[in-house]
>>> print(open('data-v3.cif').read())   # mmCIF, C-alpha atoms
data_coords
#
loop_
_atom_site.group_PDB
_atom_site.id
_atom_site.type_symbol
_atom_site.label_atom_id
_atom_site.label_comp_id
_atom_site.auth_asym_id
_atom_site.auth_seq_id
_atom_site.Cartn_x
_atom_site.Cartn_y
_atom_site.Cartn_z
ATOM 1 C CA MET M 1 26.208 85.266 -11.884
ATOM 2 C CA SER M 2 25.957 86.250 -8.214
ATOM 3 C CA VAL M 3 24.877 83.864 -5.487
ATOM 4 C CA GLN M 4 21.684 85.857 -4.989
ATOM 5 C CA GLN M 5 20.788 85.562 -8.671
ATOM 6 C CA SER M 6 21.503 81.849 -8.749
ATOM 7 C CA LEU M 7 19.375 81.132 -5.670
ATOM 8 C CA TRP M 8 16.113 82.660 -6.839
ATOM 9 C CA PHE M 9 15.180 79.521 -8.790
ATOM 10 C CA PRO M 10 15.489 76.921 -5.995
ATOM 11 C CA VAL M 11 14.064 79.306 -3.416
ATOM 12 C CA SER M 12 11.005 79.891 -5.592
ATOM 13 C CA LEU M 13 10.526 76.149 -6.028
ATOM 14 C CA LEU M 14 10.889 75.570 -2.290
ATOM 15 C CA VAL M 15 8.259 78.216 -1.573
ATOM 16 C CA VAL M 16 5.808 76.701 -4.064
ATOM 17 C CA LEU M 17 6.463 73.201 -2.715
ATOM 18 C CA ALA M 18 6.013 74.354 0.879
ATOM 19 C CA VAL M 19 2.756 76.170 0.107
ATOM 20 C CA THR M 20 1.238 73.294 -1.856
ATOM 21 C CA THR M 21 2.274 70.777 0.816
ATOM 22 C CA GLU M 22 0.792 72.907 3.591
ATOM 23 C CA GLN M 23 -2.454 73.309 1.671
ATOM 24 C CA VAL M 24 -2.732 69.581 0.992
ATOM 25 C CA VAL M 25 -1.998 68.658 4.610
ATOM 26 C CA THR M 26 -4.414 71.224 6.065
ATOM 27 C CA LYS M 27 -6.979 70.853 3.254
ATOM 28 C CA GLY M 28 -6.681 74.566 2.603
ATOM 29 C CA PRO M 29 -8.579 76.717 0.111
ATOM 30 C CA LEU M 30 -5.983 76.162 -2.611
ATOM 31 C CA LEU M 31 -7.441 72.673 -3.062
ATOM 32 C CA HIS M 32 -10.419 74.309 -4.763
ATOM 33 C CA LEU M 33 -8.025 74.896 -7.660
ATOM 34 C CA ASP M 34 -7.545 71.139 -7.930
ATOM 35 C CA THR M 35 -11.286 70.589 -8.091
ATOM 36 C CA TRP M 36 -11.829 73.394 -10.595
ATOM 37 C CA ILE M 37 -9.109 72.116 -12.923
ATOM 38 C CA ARG M 38 -10.313 68.529 -12.664
ATOM 39 C CA ASP M 39 -13.908 69.489 -13.461
ATOM 40 C CA HIS M 40 -12.840 71.405 -16.559
ATOM 41 C CA VAL M 41 -10.451 68.677 -17.714
ATOM 42 C CA LEU M 42 -13.122 65.994 -17.318
ATOM 43 C CA THR M 43 -15.438 68.123 -19.419
ATOM 44 C CA LEU M 44 -12.796 68.407 -22.123
ATOM 45 C CA VAL M 45 -12.176 64.665 -22.007
ATOM 46 C CA ALA M 46 -15.893 63.901 -22.288
ATOM 47 C CA GLU M 47 -16.244 66.260 -25.268
ATOM 48 C CA ASN M 48 -13.045 65.085 -26.956
ATOM 49 C CA PRO M 49 -13.992 63.748 -30.411
ATOM 50 C CA TYR M 50 -10.607 62.078 -30.956
ATOM 51 C CA PRO M 51 -10.153 58.875 -28.919
ATOM 52 C CA ILE M 52 -6.562 58.697 -30.125
ATOM 53 C CA LEU M 53 -5.768 61.606 -27.816
ATOM 54 C CA ASP M 54 -6.850 59.553 -24.823
ATOM 55 C CA ARG M 55 -4.679 56.647 -25.935
ATOM 56 C CA LEU M 56 -1.753 58.992 -26.503
ATOM 57 C CA ALA M 57 -2.221 60.508 -23.047
ATOM 58 C CA GLU M 58 -2.328 57.032 -21.513
ATOM 59 C CA HIS M 59 0.947 55.979 -23.134
ATOM 60 C CA TRP M 60 2.559 59.334 -22.421
ATOM 61 C CA SER M 61 1.685 59.182 -18.727
ATOM 62 C CA ASP M 62 3.196 55.673 -18.621
ATOM 63 C CA MET M 63 6.552 57.223 -19.506
ATOM 64 C CA GLY M 64 6.718 58.379 -15.895
ATOM 65 C CA ASP M 65 6.861 54.787 -14.678
ATOM 66 C CA THR M 66 10.230 53.576 -13.427
ATOM 67 C CA LYS M 67 10.083 50.738 -15.965
ATOM 68 C CA ALA M 68 10.441 53.325 -18.730
ATOM 69 C CA ALA M 69 12.356 56.160 -17.055
ATOM 70 C CA ALA M 70 14.974 54.193 -15.107
ATOM 71 C CA PRO M 71 16.420 52.356 -18.158
ATOM 72 C CA ALA M 72 16.751 55.687 -19.976
ATOM 73 C CA LEU M 73 18.724 57.128 -17.070
ATOM 74 C CA ILE M 74 20.894 54.022 -16.759
ATOM 75 C CA LEU M 75 21.723 54.009 -20.466
ATOM 76 C CA ALA M 76 22.590 57.704 -20.499
ATOM 77 C CA THR M 77 24.682 57.321 -17.348
ATOM 78 C CA LEU M 78 26.723 54.399 -18.663
ATOM 79 C CA THR M 79 27.223 56.183 -21.982
ATOM 80 C CA ALA M 80 28.408 59.353 -20.263
ATOM 81 C CA ALA M 81 30.684 57.415 -17.907
ATOM 82 C CA ALA M 82 32.290 55.529 -20.797
ATOM 83 C CA TRP M 83 32.700 58.724 -22.824
ATOM 84 C CA THR M 84 34.282 60.722 -20.000
ATOM 85 C CA ARG M 85 36.072 57.767 -18.386
ATOM 86 C CA SER M 86 34.888 59.118 -15.077
ATOM 87 C CA TRP M 87 32.792 57.980 -12.141
ATOM 88 C CA LYS M 88 31.090 61.368 -11.934
ATOM 89 C CA PRO M 89 28.110 60.458 -14.200
ATOM 90 C CA LEU M 90 27.487 57.373 -12.070
ATOM 91 C CA LEU M 91 27.620 59.451 -8.903
ATOM 92 C CA SER M 92 25.290 62.032 -10.454
ATOM 93 C CA ALA M 93 22.729 59.376 -11.322
ATOM 94 C CA LEU M 94 23.022 57.922 -7.822
ATOM 95 C CA ILE M 95 22.396 61.333 -6.278
ATOM 96 C CA ALA M 96 19.382 61.888 -8.543
ATOM 97 C CA GLY M 97 17.902 58.500 -7.708
ATOM 98 C CA THR M 98 18.469 58.995 -4.004
ATOM 99 C CA ALA M 99 16.802 62.408 -4.121
ATOM 100 C CA LEU M 100 13.836 60.921 -5.976
ATOM 101 C CA PHE M 101 13.133 58.031 -3.644
ATOM 102 C CA SER M 102 14.012 59.842 -0.420
ATOM 103 C CA THR M 103 11.466 62.608 -1.083
ATOM 104 C CA VAL M 104 8.599 61.163 -3.109
ATOM 105 C CA ILE M 105 7.995 57.923 -1.219
ATOM 106 C CA PRO M 106 8.159 59.426 2.321
ATOM 107 C CA GLY M 107 5.943 62.290 1.145
ATOM 108 C CA LYS M 108 3.342 59.915 -0.208
ATOM 109 C CA ILE M 109 3.368 57.830 2.966
ATOM 110 C CA ILE M 110 3.322 60.710 5.443
ATOM 111 C CA ILE M 111 0.788 62.912 3.648
ATOM 112 C CA GLY M 112 -1.401 60.079 2.350
ATOM 113 C CA ARG M 113 -3.507 62.202 0.042
ATOM 114 C CA PRO M 114 -6.394 60.417 -1.720
ATOM 115 C CA GLY M 115 -6.420 60.512 -5.505
ATOM 116 C CA PRO M 116 -8.985 62.193 -7.762
ATOM 117 C CA LEU M 117 -11.246 59.127 -7.698
ATOM 118 C CA GLY M 118 -11.671 59.603 -3.957
ATOM 119 C CA ALA M 119 -10.745 56.134 -2.732
ATOM 120 C CA PRO M 120 -9.302 56.403 0.801
ATOM 121 C CA VAL M 121 -5.653 55.519 1.296
ATOM 122 C CA ALA M 122 -5.577 52.270 3.240
ATOM 123 C CA PRO M 123 -2.905 51.627 5.885
ATOM 124 C CA GLY M 124 0.343 50.638 4.226
ATOM 125 C CA GLN M 125 -0.585 52.255 0.912
ATOM 126 C CA TRP M 126 0.985 55.338 -0.624
ATOM 127 C CA GLY M 127 -0.866 58.564 -1.251
ATOM 128 C CA TRP M 128 -0.924 60.676 -4.388
ATOM 129 C CA PHE M 129 1.068 63.709 -3.252
ATOM 130 C CA PRO M 130 3.592 64.395 -4.678
ATOM 131 C CA SER M 131 3.127 62.749 -8.050
ATOM 132 C CA GLY M 132 5.615 59.910 -8.350
ATOM 133 C CA HIS M 133 5.259 59.557 -12.117
ATOM 134 C CA THR M 134 5.853 63.296 -12.596
ATOM 135 C CA SER M 135 8.926 63.298 -10.354
ATOM 136 C CA THR M 136 10.299 60.087 -11.855
ATOM 137 C CA ALA M 137 9.958 61.392 -15.404
ATOM 138 C CA GLY M 138 11.455 64.775 -14.613
ATOM 139 C CA ILE M 139 14.392 63.551 -12.564
ATOM 140 C CA CYS M 140 15.284 60.492 -14.655
ATOM 141 C CA TYR M 141 14.890 61.996 -18.129
ATOM 142 C CA GLY M 142 16.176 65.370 -16.958
ATOM 143 C CA THR M 143 19.327 63.869 -15.480
ATOM 144 C CA ALA M 144 19.823 61.732 -18.583
ATOM 145 C CA ALA M 145 19.536 64.772 -20.862
ATOM 146 C CA TRP M 146 21.867 66.788 -18.641
ATOM 147 C CA LEU M 147 24.522 64.058 -18.684
ATOM 148 C CA LEU M 148 24.334 63.649 -22.458
ATOM 149 C CA GLY M 149 24.347 67.408 -22.931
ATOM 150 C CA ILE M 150 27.512 68.069 -20.932
ATOM 151 C CA CYS M 151 29.295 65.084 -22.511
ATOM 152 C CA PHE M 152 28.382 65.224 -26.201
ATOM 153 C CA LEU M 153 27.122 68.773 -26.684
ATOM 154 C CA SER M 154 29.498 70.665 -24.417
ATOM 155 C CA THR M 155 30.693 72.831 -27.327
ATOM 156 C CA ARG M 156 27.312 73.098 -29.052
ATOM 157 C CA ALA M 157 25.234 75.357 -26.863
ATOM 158 C CA ARG M 158 22.298 75.611 -29.271
ATOM 159 C CA LEU M 159 21.897 71.842 -29.609
ATOM 160 C CA ARG M 160 22.294 71.432 -25.867
ATOM 161 C CA ARG M 161 19.571 73.978 -25.187
ATOM 162 C CA THR M 162 17.353 72.237 -27.735
ATOM 163 C CA LEU M 163 17.866 68.904 -25.994
ATOM 164 C CA TYR M 164 17.057 70.401 -22.613
ATOM 165 C CA ALA M 165 13.977 72.199 -23.923
ATOM 166 C CA ALA M 166 12.677 69.062 -25.646
ATOM 167 C CA THR M 167 13.211 67.028 -22.476
ATOM 168 C CA ALA M 168 11.430 69.648 -20.378
ATOM 169 C CA ALA M 169 8.487 69.665 -22.800
ATOM 170 C CA PHE M 170 8.335 65.868 -22.782
ATOM 171 C CA CYS M 171 8.370 65.684 -18.976
ATOM 172 C CA THR M 172 5.787 68.462 -18.734
ATOM 173 C CA GLY M 173 3.608 66.390 -21.032
ATOM 174 C CA VAL M 174 3.792 63.473 -18.599
ATOM 175 C CA GLY M 175 2.307 65.637 -15.854
ATOM 176 C CA VAL M 176 -0.378 67.060 -18.121
ATOM 177 C CA CYS M 177 -1.370 63.585 -19.292
ATOM 178 C CA LEU M 178 -1.616 62.356 -15.705
ATOM 179 C CA ILE M 179 -4.183 65.082 -15.088
ATOM 180 C CA TRP M 180 -5.932 64.380 -18.398
ATOM 181 C CA ARG M 181 -6.287 60.703 -17.506
ATOM 182 C CA ASP M 182 -7.542 61.634 -14.016
ATOM 183 C CA TYR M 183 -4.664 59.884 -12.280
ATOM 184 C CA HIS M 184 -3.477 62.900 -10.297
ATOM 185 C CA TRP M 185 -4.593 66.230 -8.957
ATOM 186 C CA PHE M 186 -3.004 69.389 -10.325
ATOM 187 C CA LEU M 187 -1.111 70.137 -7.086
ATOM 188 C CA ASP M 188 0.326 66.612 -7.085
ATOM 189 C CA VAL M 189 1.926 67.356 -10.431
ATOM 190 C CA ILE M 190 3.094 70.815 -9.371
ATOM 191 C CA ALA M 191 4.905 69.278 -6.400
ATOM 192 C CA GLY M 192 6.535 66.730 -8.705
ATOM 193 C CA TRP M 193 7.786 69.494 -10.970
ATOM 194 C CA CYS M 194 9.185 71.383 -7.966
ATOM 195 C CA LEU M 195 11.098 68.315 -6.784
ATOM 196 C CA THR M 196 12.434 67.833 -10.307
ATOM 197 C CA GLY M 197 13.678 71.395 -10.555
ATOM 198 C CA LEU M 198 15.326 71.294 -7.139
ATOM 199 C CA THR M 199 17.084 68.013 -7.892
ATOM 200 C CA LEU M 200 18.412 69.072 -11.297
ATOM 201 C CA TRP M 201 19.493 72.473 -9.976
ATOM 202 C CA SER M 202 21.382 70.789 -7.135
ATOM 203 C CA LEU M 203 23.076 68.400 -9.556
ATOM 204 C CA ALA M 204 24.165 71.228 -11.825
ATOM 205 C CA ARG M 205 25.523 73.213 -8.883
ATOM 206 C CA TRP M 206 27.382 70.195 -7.539
ATOM 207 C CA ALA M 207 28.904 69.400 -10.938
ATOM 208 C CA SER M 208 30.011 73.000 -11.515
ATOM 209 C CA ARG M 209 32.041 73.204 -8.304
ATOM 210 C CA PRO M 210 35.737 73.682 -8.966
ATOM 211 C CA ARG M 211 37.772 70.546 -8.423
ATOM 212 C CA PRO M 212 39.985 70.758 -5.319
ATOM 213 C CA ARG M 213 43.636 71.085 -6.278
ATOM 214 C CA SER M 214 46.000 68.432 -5.082
ATOM 215 C CA PRO M 215 49.117 69.399 -3.052
ATOM 216 C CA ARG M 216 51.262 68.352 -6.026
ATOM 217 C CA GLU M 217 49.420 70.738 -8.355
ATOM 218 C CA SER M 218 49.682 73.583 -5.848
ATOM 219 C CA THR M 219 53.406 72.977 -5.391
ATOM 220 C CA ARG M 220 54.000 72.811 -9.126
ATOM 221 C CA ASP M 221 52.138 76.054 -9.780
ATOM 222 C CA ALA M 222 53.936 77.817 -6.959
ATOM 223 C CA ALA M 223 57.377 76.788 -8.196
ATOM 224 C CA PRO M 224 59.249 79.587 -10.017
ATOM 225 C CA GLU M 225 59.788 79.213 -13.717
ATOM 226 C CA ARG M 226 63.307 78.570 -14.943
#
>>> encode(input="data-v3.cif", output="structure tokens")
Amino acid sequence: MSVQQSLWFPVSLLVVLAVTTEQVVTKGPLLHLDTWIRDHVLTLVAENPYPILDRLAEHWSDMGDTKAAAPALILATLTAAAWTRSWKPLLSALIAGTALFSTVIPGKIIIGRPGPLGAPVAPGQWGWFPSGHTSTAGICYGTAAWLLGICFLSTRARLRRTLYAATAAFCTGVGVCLIWRDYHWFLDVIAGWCLTGLTLWSLARWASRPRPRSPRESTRDAAPER
């Protein structure tokens, strides 16, 4: 795959993230999409004849809390590190966590967007953009699935793809449930998904870099055969 082909994914995410951020900061016309989606979702919720769906959405959205997502990432990381006898899974998890907290928290503080319920963001409080639960779920569970996939399913491409697809569907559900429960605007969730994709893409690119060869290896390979 060429560099140009491999860059279309992160570039697309960066463009979407930049546009949504600009619209939220400037209160642009794209925010009408948030209002339109919220109005229709609230109508669906009010007409929903199955209260169990609301309870399911509540529990599902809670899976984006660090109390649920962080232990899953820690367990997967320790398992992968023990399996590979390498520090690389630990470093990968550290990079993912750093990317999560260094983007979501500053974004919430700087942008300070009010939530769907309209309560103003008081000084010292965090805003709603980007969605922290969406980003936490995507980055933590996504990194966990990626680590387990490359360690235990490295020779089973179909099972690995199934794991990744199931994880993506699960994390997408977290964002959808946050909107269903009226905890976040649509663009909050979109930004969280963009941050997730950028983080996981960066991790995969970093992990796929060829390992630098030591001088001893270079000397050995250059030596003539006898």
>>> resolve_selection(input="data-v3.cif", expression="the PyMOL selection byres ((chain M and resi 173) around 12)", output="MDAnalysis selection string")
chainID M and resid 56:64 133:134 137:138 166:172 174:181 189 193
>>> resolve_selection(input="data-v3.cif", expression="the PyMOL selection byres ((chain M and resi 127) around 9)", output="ChimeraX atom specification")
/M:105,107-115,120-121,125-126,128-131
>>> closest_residue(input="data-v3.cif", among="M:Gly97, M:Trp185, M:Ala191, M:Thr21", to="Trp36 (chain M)", atoms="only C-alpha atoms")
M:Trp185
>>> closest_residue(input="data-v3.cif", among="M:Leu153, M:Ile52, M:Leu117, M:Leu163", to="Tyr183 (chain M)", atoms="all atoms listed in the file")
M:Leu117
>>> closest_residue(input="data-v3.cif", among="M:Val104, M:Leu42, M:Ala93, M:Pro116", to="His184 (chain M)", atoms="only C-alpha atoms")
M:Pro116
>>> residues_around(input="data-v3.cif", residues="region 5-13 of chain M", least_positions_apart="4", cutoff="8 Å", atoms="only C-alpha atoms", output="list of chain:residue names")
M:Met1, M:Leu17, M:Cys194, M:Leu195, M:Gly197, M:Leu198, M:Trp201
>>> atom_distance(input="data-v3.cif", atom1="CA of Ala72 (chain M)", atom2="CA of Gly142 (chain M)")
10.2 Å
>>> residues_near_point(input="data-v3.cif", point="(19.7, 60.3, -18.0)", cutoff="6 Å", atoms="only C-alpha atoms", output="MDAnalysis selection string")
chainID M and resid 72:73 76:77 140:141 143:145
>>> closest_residue(input="data-v3.cif", among="M:Thr136, M:Gly124, M:Leu159, M:Leu53", to="Leu100 (chain M)", atoms="all atoms listed in the file")
M:Thr136
>>> closest_residue(input="data-v3.cif", among="M:Phe152, M:Tyr164, M:Trp206, M:Phe186", to="Thr79 (chain M)", atoms="only C-alpha atoms")
M:Phe152
>>> atom_distance(input="data-v3.cif", atom1="CA of Pro49 (chain M)", atom2="CA of Ala68 (chain M)")
29.0 Å
>>> atom_distance(input="data-v3.cif", atom1="CA of Thr20 (chain M)", atom2="CA of Ile190 (chain M)")
8.1 Å
>>> closest_residue(input="data-v3.cif", among="M:Thr196, M:Thr162, M:Ser86, M:Thr155", to="Ile139 (chain M)", atoms="all atoms listed in the file")
M:Thr196
>>> residues_around(input="data-v3.cif", residues="Val19 (chain M)", least_positions_apart="5", cutoff="10 Å", atoms="only C-alpha atoms", output="list in words")
Leu13, Leu14, Val24, Val25, Gly28, Leu30 and Ala191 of chain M
